[in-house]
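Student: My questions all concern the structure below.
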Amino acid sequence: MKNKILAMLVAFGMVGSVSAIEINENLSINGFIDGSAKQSDPDTGSKSAELGLDEVEVNFLFNVGSVSGELHVDSDAANGAGDSIDIEQAHFTYSLENGVSITVGRYGSALGLEREDPAGLSTVSRAYNNAFNLGDVDNNVGEGVTLSYAAEAWSIGVSIENGVGADLSQDDANVEIALAFTGVENLNVGLGYLADNRATAANEVDVTNIHATYQVGKALLGAEYTQRDAATADLVATMYIVDYDVSDKLGVAVRYSSYETAANTDTDRFTIAPNYALTESLGAILEYSDVNVDGGIDSNEIALELTYTF
């Protein structure tokens, strides 16, 4: 069974999938339909439950000569968009023969392990809250330009960007630097820095991210460290994950993550998520998470997700 996180890393954070339906030599289409049932059982208070369609996305992938482009159109009901249609990403890349490329448009972050839509994750939930989910393209995209260089064993990208529709006259542009190393067989290492420059100095945030995956037989091992430095507090998040392929159809992911919501206040999440390929296009993930909150309400969460990809 395909290791989803590894497939995600290959694309350096810019590509929605590693497969697509070819329409002609210049146009391909892929996408997914994702739905889930979720229940949260807190130690105190009432249970909560959700059942419904989470997200529908169609991606158009263009390639004409040295210029490639992507248009990601989605309806993200899980994040309050309801049935509204949104342009999640839209960008084109001009590639030069010397390994240099320039990307212009709206795109997601190149930082972090969980840089994908639900179709690209090996769990139902994400490891952290939104503050640390750097690459969640449903909540964190920017508009700008990225200059990249790719060599045989490493690549680097520098992005100058800002929030969608942001007024640069009132705000400094954000700067993201991402370095990827693949010079050791089965090993992928990412190192990145984000200067998130908000309207006032008090709201500026500097983010440092280090992550790595290593393939050992049928197991993919992953680890990540993220630090957010702000005027109010410096916060840290860590994640460890093992994604093991039991067979061509059955796999299981085990993840532990911890993130600070305030100084010396942690939330710890332990997740186990078996996944099964019902068909080549339809997959199911059953997830259980034990969530412990310092000074807050602990909970047990269970979810079943079905994702159809094309």
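Ordering of the structure tokens sets the chain letters (A, B, ...); residue numbers start at 1 within each chain; ligands are numbered from 1 in the order shown.
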Using only C-alpha atoms, which residues sit within 7 Å of Trp154 of chain A once same-chain residues fewer than 3 positions away are excluded, as number ranges by chain?

Tutor: A: 150-151, 180-183

Student: Could you give me, as a ChimeraX atom specification, the residues within 6 Å of Leu71 of chain A, counting only C-alpha atoms and dropping anything in the same chain fewer than 3 positions from it?

Tutor: /A:59-60,89-90

Student: Set the distance at 7 Å and use only C-alpha atoms: which residues neighbour Thr103 of chain A once local chain neighbours fewer than 4 positions away are removed? I'd like the list as a list of chain:residue names.

Tutor: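 That gives A:His91, A:Phe92, A:Thr93, A:Tyr94, A:Val145, A:Thr146, A:Leu147.
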
Student: For atom CA of Ile33 of chain A and atom CA of Thr309 of chain A, quote the distance in Å rounded to one decimal.

Tutor: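 Computing the Euclidean distance for atom CA of Ile33 of chain A and atom CA of Thr309 of chain A yields 6.6 Å.
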
Student: Go through A:Asn63, A:Thr238, A:Ser299, A:Ser109 one by one, measure the shortest atom-to-atom distance of each to Glu176 of chain A using only C-alpha atoms, and give the residue with the smallest value.

Tutor: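 Distance minimum relative to Glu176 of chain A lands on A:Ser109.
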